[in-house]
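Down below is the structure, laid out as structure tokens.
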Amino acid sequence: MYWIKRVLFLFFLLWGSISFAQTIEGMRMSQTPSEGVRFVADLDQKAEVKVFRLNNPSRLVMDFSGTRFGQKNTTSTAGFIKGIRTGKPNTNTARIVLDLPNYELTEKHFLLAPQTGTNWRFVLDMDKVGGTKTVATQPSTTTPKTVAKKKIIVLDPGHGGQDPGAISVSGKYEKDLTLKMAKETKVLLEKRGYKVVLTRDKDFYIPLRGRIKKAHEANGDLFISLHADSAKSRSAQGLSIYTISETASDKEAAALAERENKSDILFGMDLSDYQPEVGNILIDIAKKYAMDQSSIYADEVVTQMKKEVKLRQNAHRFAGFVVLKSPNIPSVLLEMGYLSNPQEDKLLQKESYRKKLATALVNAVDSYFKKQS
Ligand SMILES: [Zn+2]
């Protein structure tokens, strides 16, 4: 009958358009000696693969066009890859998605032609940026061990010199408090094996951009700027920690950033003259990475601090502090409390109270880096 022929014809037409030239016959994942991850897909024929990334959460997508999954299309995860999924975004594409960790990764991929006993292989290698490098292939007995690099913490005592910062109800200067706190925190950090660099170790003035520059020259892994706030209302109190954001989390945060940023305007520096040397997408990637990492550290600080001292509500806040604008160093700004509050002023002037704060700050550094490894 004519209509049967017609349907069959359409069927074959449709079948033809969903042509699977290739099959993924298997896949596997393993951790490399450099602590990276290698993903391999076995293919019966050469395939065209599109690799791209998606954010929130961070994922890597591999689209194999004209390809279907064979029998063995599962594998267990390895190293920093915590999840893998397969799917079909359209009828003739096989998609593999890897869940990425929230730090920056490099990635390279290539196709390997068949050798005796193997198929075509699609290989994807990922490594931590700045992570341990693969050591040249040598007999394992002579392979040099990778020596863990000491993490470098840059502590930035706010204000200094002709810029006193806030002045407390008892007449004490913010610049002196931040310097004391920085020196005390330095001792604790060094005891835990960190290298510590202070942006200033005496009472002098540094422009905000100069502080960022010092952090870069020191090759810092983490930047912590120390401050204490002041408010018209004497009842305002509590600690808060800030990370960068173009839009402040509230009016008060915006006003605070303006106050803290003002020292440069007051003391003769033009904020607009600074432009990063590299104006390309790498800066954006680094920025995003540093912003994410800053938030992770800030949340650790909140976790540690709330065991010790009084925090403000929503203690992790966001605002456009100039000093936090490093594109590639995770940076936070700590407002230790209110110098305008008589009780808090009294506490902040006590070494024992500052030690509590410093210990929490250092514990947060520890758990932050532990989560990275
Ligand atoms: Zn300040």
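Every chain in the structure tokens takes a letter, A first, then B, and so on in the order presented; its residues are numbered from 1, and the ligands are numbered from 1 following the presented order.
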Next on the checklist: Taking only C-alpha atoms and all ligand atoms into account, list the residues no farther than 7 Å from ligand 1, as a PyMOL selection string.
Outcome noted: chain A and resi 158-159+165-166+174+227-229+260
Resulting file, chosen residues, N, CA and C atoms, as a CSV table (one decimal), in the first residue's frame:
chain,number,residue,atom,x,y,z
A,158,GLY,N,45.2,48.9,58.2
A,158,GLY,CA,44.5,50.0,57.6
A,158,GLY,C,45.1,51.3,58.1
A,159,HIS,N,45.0,52.3,57.2
A,159,HIS,CA,45.4,53.7,57.5
A,159,HIS,C,46.9,53.8,57.9
A,165,GLY,N,42.6,57.2,60.4
A,165,GLY,CA,41.4,56.3,60.4
A,165,GLY,C,40.3,56.8,61.4
A,166,ALA,N,39.6,55.9,61.9
A,166,ALA,CA,38.5,56.3,62.9
A,166,ALA,C,39.2,56.7,64.2
A,174,GLU,N,42.4,54.4,65.0
A,174,GLU,CA,42.3,53.1,64.2
A,174,GLU,C,43.6,52.6,63.7
A,227,HIS,N,40.8,46.7,59.8
A,227,HIS,CA,40.2,48.0,60.1
A,227,HIS,C,39.3,47.9,61.3
A,228,ALA,N,38.9,49.1,61.8
A,228,ALA,CA,37.8,49.2,62.9
A,228,ALA,C,36.9,50.3,62.5
A,229,ASP,N,35.6,50.1,62.7
A,229,ASP,CA,34.7,51.1,62.2
A,229,ASP,C,34.3,52.1,63.3
A,260,GLU,N,36.3,54.4,53.8
A,260,GLU,CA,37.6,53.7,53.8
A,260,GLU,C,38.4,54.1,52.5
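DSSP annotation of range 75-212 of chain A from backbone atoms: alpha helix (DSSP H) residues are Glu174, Lys175, Asp176, Leu177, Thr178, Leu179, Lys180, Met181, Ala182, Lys183, Glu184, Thr185, Lys186, Val187, Leu188, Leu189, Glu190, Lys191, Leu208, Arg209, Gly210, Arg211 and Ile212 of chain A.
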Item to check | Among the residues A:Thr178, A:Val51, A:Leu43, A:Lys72, the one that comes closest to Asn119 in chain A [using only C-alpha atoms] | outcome: A:Leu43
Next on the checklist: Would you pick out the contacts of Glu190 in chain A at 12 Å or less, using only C-alpha atoms, so that residues sharing its chain but fewer than 6 positions from it are not included, and give the list as a ChimeraX atom specification?
Outcome noted: /A:150-154,183-184,196-197,362,365-366
Any chance you can output those residues with N, CA and C atoms as a short mmCIF file (atom, residue, chain, number, x, y, z; two decimals), in the first residue's frame?
data_model
loop_
_atom_site.label_atom_id
_atom_site.label_comp_id
_atom_site.auth_asym_id
_atom_site.auth_seq_id
_atom_site.Cartn_x
_atom_site.Cartn_y
_atom_site.Cartn_z
N LYS A 150 55.41 27.47 50.99
CA LYS A 150 54.76 28.14 52.12
C LYS A 150 53.75 29.13 51.57
N LYS A 151 52.54 29.11 52.12
CA LYS A 151 51.53 30.07 51.69
C LYS A 151 51.89 31.45 52.23
N ILE A 152 51.67 32.45 51.40
CA ILE A 152 52.04 33.81 51.79
C ILE A 152 50.78 34.63 52.12
N ILE A 153 50.72 35.09 53.36
CA ILE A 153 49.57 35.88 53.78
C ILE A 153 50.01 37.35 53.88
N VAL A 154 49.29 38.22 53.21
CA VAL A 154 49.61 39.64 53.29
C VAL A 154 48.62 40.29 54.25
N LYS A 183 50.56 42.93 63.69
CA LYS A 183 51.80 42.36 64.24
C LYS A 183 51.50 41.11 65.07
N GLU A 184 50.42 41.16 65.85
CA GLU A 184 50.06 40.01 66.69
C GLU A 184 49.60 38.83 65.83
N VAL A 196 54.49 35.63 56.25
CA VAL A 196 53.62 36.79 56.42
C VAL A 196 54.32 38.06 55.96
N VAL A 197 53.62 38.86 55.18
CA VAL A 197 54.14 40.14 54.74
C VAL A 197 53.16 41.22 55.20
N VAL A 362 43.28 33.23 62.04
CA VAL A 362 44.29 32.25 61.65
C VAL A 362 43.66 30.86 61.46
N VAL A 365 42.23 30.83 58.15
CA VAL A 365 43.26 30.65 57.12
C VAL A 365 43.57 29.17 56.95
N ASP A 366 43.73 28.51 58.09
CA ASP A 366 44.02 27.06 58.06
C ASP A 366 42.94 26.29 57.33
#
Checklist entry - Could you write out, as a PyMOL selection string, all the residues of range 102-227 of chain A that DSSP marks as strand (DSSP E or B)? => result chain A and resi 105-112+120-128+152-157+160+163+167+173+195-198+222-227
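Minimum distance to Asp63 in chain A across A:Phe369, A:Tyr205, A:Phe122, A:Tyr103 (counting only C-alpha atoms) occurs at A:Phe122.
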Spatial neighbours of Asp299 in chain A, max dist 9 Å, only C-alpha atoms, sep filter under 5 positions, as a PDB file with N, CA and C atoms, in the first residue's frame:
ATOM      1  N   ILE A 241      32.957  41.325  58.066  1.00  0.00           N
ATOM      2  CA  ILE A 241      34.031  41.084  57.098  1.00  0.00           C
ATOM      3  C   ILE A 241      33.481  41.333  55.707  1.00  0.00           C
ATOM      4  N   SER A 294      37.696  34.754  47.779  1.00  0.00           N
ATOM      5  CA  SER A 294      37.562  35.735  48.860  1.00  0.00           C
ATOM      6  C   SER A 294      36.320  35.416  49.683  1.00  0.00           C
ATOM      7  N   GLN A 304      34.584  30.882  62.179  1.00  0.00           N
ATOM      8  CA  GLN A 304      35.537  30.849  63.298  1.00  0.00           C
ATOM      9  C   GLN A 304      35.250  31.953  64.317  1.00  0.00           C
ATOM     10  N   ALA A 315      27.221  39.000  58.906  1.00  0.00           N
ATOM     11  CA  ALA A 315      28.572  39.518  59.129  1.00  0.00           C
ATOM     12  C   ALA A 315      29.416  39.552  57.854  1.00  0.00           C
ATOM     13  N   HIS A 316      29.116  38.702  56.896  1.00  0.00           N
ATOM     14  CA  HIS A 316      29.828  38.765  55.619  1.00  0.00           C
ATOM     15  C   HIS A 316      29.069  39.700  54.681  1.00  0.00           C
ATOM     16  N   ALA A 364      40.742  30.340  60.446  1.00  0.00           N
ATOM     17  CA  ALA A 364      40.035  30.435  59.159  1.00  0.00           C
ATOM     18  C   ALA A 364      41.017  30.280  57.994  1.00  0.00           C
TER      19      ALA A 364
END
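Closest to Leu188 in chain A among A:Lys370, A:Lys356, A:Lys214, A:Arg59 is A:Lys356, based on only C-alpha atoms.
Nearest to Phe223 in chain A of all the residues A:Ser240, A:Gln349, A:Ser331, A:Ser168 is A:Ser331, based on only C-alpha atoms.
Compared by their closest atoms to Glu351 in chain A, and using only C-alpha atoms, the residues A:Val49, A:Pro89, A:Gly26, A:Lys180 rank with A:Lys180 nearest.
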Checklist outcome for this item: Nearest to Gln293 in chain A, restricted to only C-alpha atoms and choosing among A:Lys371, A:Lys306, A:Arg317, A:Arg312, comes out as A:Lys371
Next on the checklist: as a list of chain:residue names, please: the residues near Gln22 in chain A (cut-off 8 Å, only C-alpha atoms, same-chain neighbours under 3 positions excluded).
Outcome noted: A:Leu43, A:Asp44, A:Gln45, A:Lys46, A:Ala47, A:Gly66, A:Thr67, A:Arg68
Checklist outcome for this item: Between CA of Ser340 in chain A and CA of Ala231 in chain A lies a distance of 5.9 Å
Item to check | Met126 in chain A environment, 12 Å, only C-alpha atoms, sequence neighbours closer than 6 positions dropped, as a ChimeraX atom specification | outcome: /A:29-40,60,78-81,98,100-101,103-109,133
Same residues, N, CA and C atoms, saved as a PDB file, in the first residue's frame:
ATOM      1  N   MET A  29      38.504   7.860  34.056  1.00  0.00           N
ATOM      2  CA  MET A  29      39.056   9.079  34.640  1.00  0.00           C
ATOM      3  C   MET A  29      40.094   8.674  35.669  1.00  0.00           C
ATOM      4  N   SER A  30      41.174   9.421  35.737  1.00  0.00           N
ATOM      5  CA  SER A  30      42.188   9.086  36.742  1.00  0.00           C
ATOM      6  C   SER A  30      42.917  10.339  37.192  1.00  0.00           C
ATOM      7  N   GLN A  31      43.500  10.243  38.370  1.00  0.00           N
ATOM      8  CA  GLN A  31      44.304  11.352  38.883  1.00  0.00           C
ATOM      9  C   GLN A  31      45.711  11.208  38.340  1.00  0.00           C
ATOM     10  N   THR A  32      46.300  12.321  37.893  1.00  0.00           N
ATOM     11  CA  THR A  32      47.647  12.281  37.327  1.00  0.00           C
ATOM     12  C   THR A  32      48.680  12.497  38.431  1.00  0.00           C
ATOM     13  N   PRO A  33      49.953  12.183  38.165  1.00  0.00           N
ATOM     14  CA  PRO A  33      50.977  12.393  39.207  1.00  0.00           C
ATOM     15  C   PRO A  33      51.077  13.854  39.638  1.00  0.00           C
ATOM     16  N   SER A  34      50.661  14.784  38.752  1.00  0.00           N
ATOM     17  CA  SER A  34      50.740  16.203  39.120  1.00  0.00           C
ATOM     18  C   SER A  34      49.466  16.652  39.829  1.00  0.00           C
ATOM     19  N   GLU A  35      48.662  15.678  40.294  1.00  0.00           N
ATOM     20  CA  GLU A  35      47.398  15.955  40.984  1.00  0.00           C
ATOM     21  C   GLU A  35      46.360  16.615  40.097  1.00  0.00           C
ATOM     22  N   GLY A  36      46.543  16.439  38.799  1.00  0.00           N
ATOM     23  CA  GLY A  36      45.511  16.865  37.872  1.00  0.00           C
ATOM     24  C   GLY A  36      44.583  15.687  37.620  1.00  0.00           C
ATOM     25  N   VAL A  37      43.688  15.857  36.654  1.00  0.00           N
ATOM     26  CA  VAL A  37      42.779  14.769  36.311  1.00  0.00           C
ATOM     27  C   VAL A  37      42.814  14.551  34.802  1.00  0.00           C
ATOM     28  N   ARG A  38      42.888  13.290  34.391  1.00  0.00           N
ATOM     29  CA  ARG A  38      42.810  12.945  32.976  1.00  0.00           C
ATOM     30  C   ARG A  38      41.518  12.183  32.718  1.00  0.00           C
ATOM     31  N   PHE A  39      40.773  12.654  31.709  1.00  0.00           N
ATOM     32  CA  PHE A  39      39.552  11.969  31.307  1.00  0.00           C
ATOM     33  C   PHE A  39      39.778  11.425  29.893  1.00  0.00           C
ATOM     34  N   VAL A  40      39.414  10.165  29.672  1.00  0.00           N
ATOM     35  CA  VAL A  40      39.596   9.547  28.355  1.00  0.00           C
ATOM     36  C   VAL A  40      38.285   8.919  27.895  1.00  0.00           C
ATOM     37  N   LEU A  60      32.285  21.526  33.114  1.00  0.00           N
ATOM     38  CA  LEU A  60      32.932  21.415  31.814  1.00  0.00           C
ATOM     39  C   LEU A  60      32.083  20.474  30.970  1.00  0.00           C
ATOM     40  N   ALA A  78      37.438  10.992  39.690  1.00  0.00           N
ATOM     41  CA  ALA A  78      38.788  10.932  40.252  1.00  0.00           C
ATOM     42  C   ALA A  78      39.238  12.339  40.617  1.00  0.00           C
ATOM     43  N   GLY A  79      40.132  12.418  41.595  1.00  0.00           N
ATOM     44  CA  GLY A  79      40.750  13.696  41.989  1.00  0.00           C
ATOM     45  C   GLY A  79      39.710  14.750  42.311  1.00  0.00           C
ATOM     46  N   PHE A  80      39.903  15.964  41.745  1.00  0.00           N
ATOM     47  CA  PHE A  80      39.004  17.071  42.082  1.00  0.00           C
ATOM     48  C   PHE A  80      37.685  17.053  41.303  1.00  0.00           C
ATOM     49  N   ILE A  81      37.497  16.079  40.428  1.00  0.00           N
ATOM     50  CA  ILE A  81      36.210  15.967  39.727  1.00  0.00           C
ATOM     51  C   ILE A  81      35.260  15.143  40.602  1.00  0.00           C
ATOM     52  N   LEU A  98      31.294  17.326  33.337  1.00  0.00           N
ATOM     53  CA  LEU A  98      32.094  17.118  34.548  1.00  0.00           C
ATOM     54  C   LEU A  98      31.835  18.271  35.512  1.00  0.00           C
ATOM     55  N   LEU A 100      33.141  20.745  38.104  1.00  0.00           N
ATOM     56  CA  LEU A 100      34.483  21.263  38.413  1.00  0.00           C
ATOM     57  C   LEU A 100      34.525  21.814  39.836  1.00  0.00           C
ATOM     58  N   PRO A 101      35.702  21.807  40.465  1.00  0.00           N
ATOM     59  CA  PRO A 101      35.832  22.437  41.772  1.00  0.00           C
ATOM     60  C   PRO A 101      35.787  23.953  41.597  1.00  0.00           C
ATOM     61  N   TYR A 103      37.927  26.230  42.082  1.00  0.00           N
ATOM     62  CA  TYR A 103      39.154  26.978  41.820  1.00  0.00           C
ATOM     63  C   TYR A 103      39.483  26.867  40.337  1.00  0.00           C
ATOM     64  N   GLU A 104      40.449  27.688  39.933  1.00  0.00           N
ATOM     65  CA  GLU A 104      40.745  27.776  38.512  1.00  0.00           C
ATOM     66  C   GLU A 104      41.508  26.553  38.021  1.00  0.00           C
ATOM     67  N   LEU A 105      41.136  26.085  36.811  1.00  0.00           N
ATOM     68  CA  LEU A 105      41.803  24.928  36.223  1.00  0.00           C
ATOM     69  C   LEU A 105      42.264  25.262  34.815  1.00  0.00           C
ATOM     70  N   THR A 106      43.370  24.668  34.415  1.00  0.00           N
ATOM     71  CA  THR A 106      43.731  24.734  33.010  1.00  0.00           C
ATOM     72  C   THR A 106      43.198  23.458  32.375  1.00  0.00           C
ATOM     73  N   GLU A 107      43.006  23.499  31.071  1.00  0.00           N
ATOM     74  CA  GLU A 107      42.471  22.304  30.445  1.00  0.00           C
ATOM     75  C   GLU A 107      43.028  22.215  29.029  1.00  0.00           C
ATOM     76  N   LYS A 108      43.399  21.019  28.616  1.00  0.00           N
ATOM     77  CA  LYS A 108      43.737  20.831  27.221  1.00  0.00           C
ATOM     78  C   LYS A 108      43.186  19.480  26.770  1.00  0.00           C
ATOM     79  N   HIS A 109      42.845  19.400  25.492  1.00  0.00           N
ATOM     80  CA  HIS A 109      42.251  18.158  25.014  1.00  0.00           C
ATOM     81  C   HIS A 109      42.738  17.870  23.609  1.00  0.00           C
ATOM     82  N   LYS A 133      53.597  20.938  39.400  1.00  0.00           N
ATOM     83  CA  LYS A 133      53.882  20.602  38.012  1.00  0.00           C
ATOM     84  C   LYS A 133      54.313  19.134  37.918  1.00  0.00           C
TER      85      LYS A 133
END
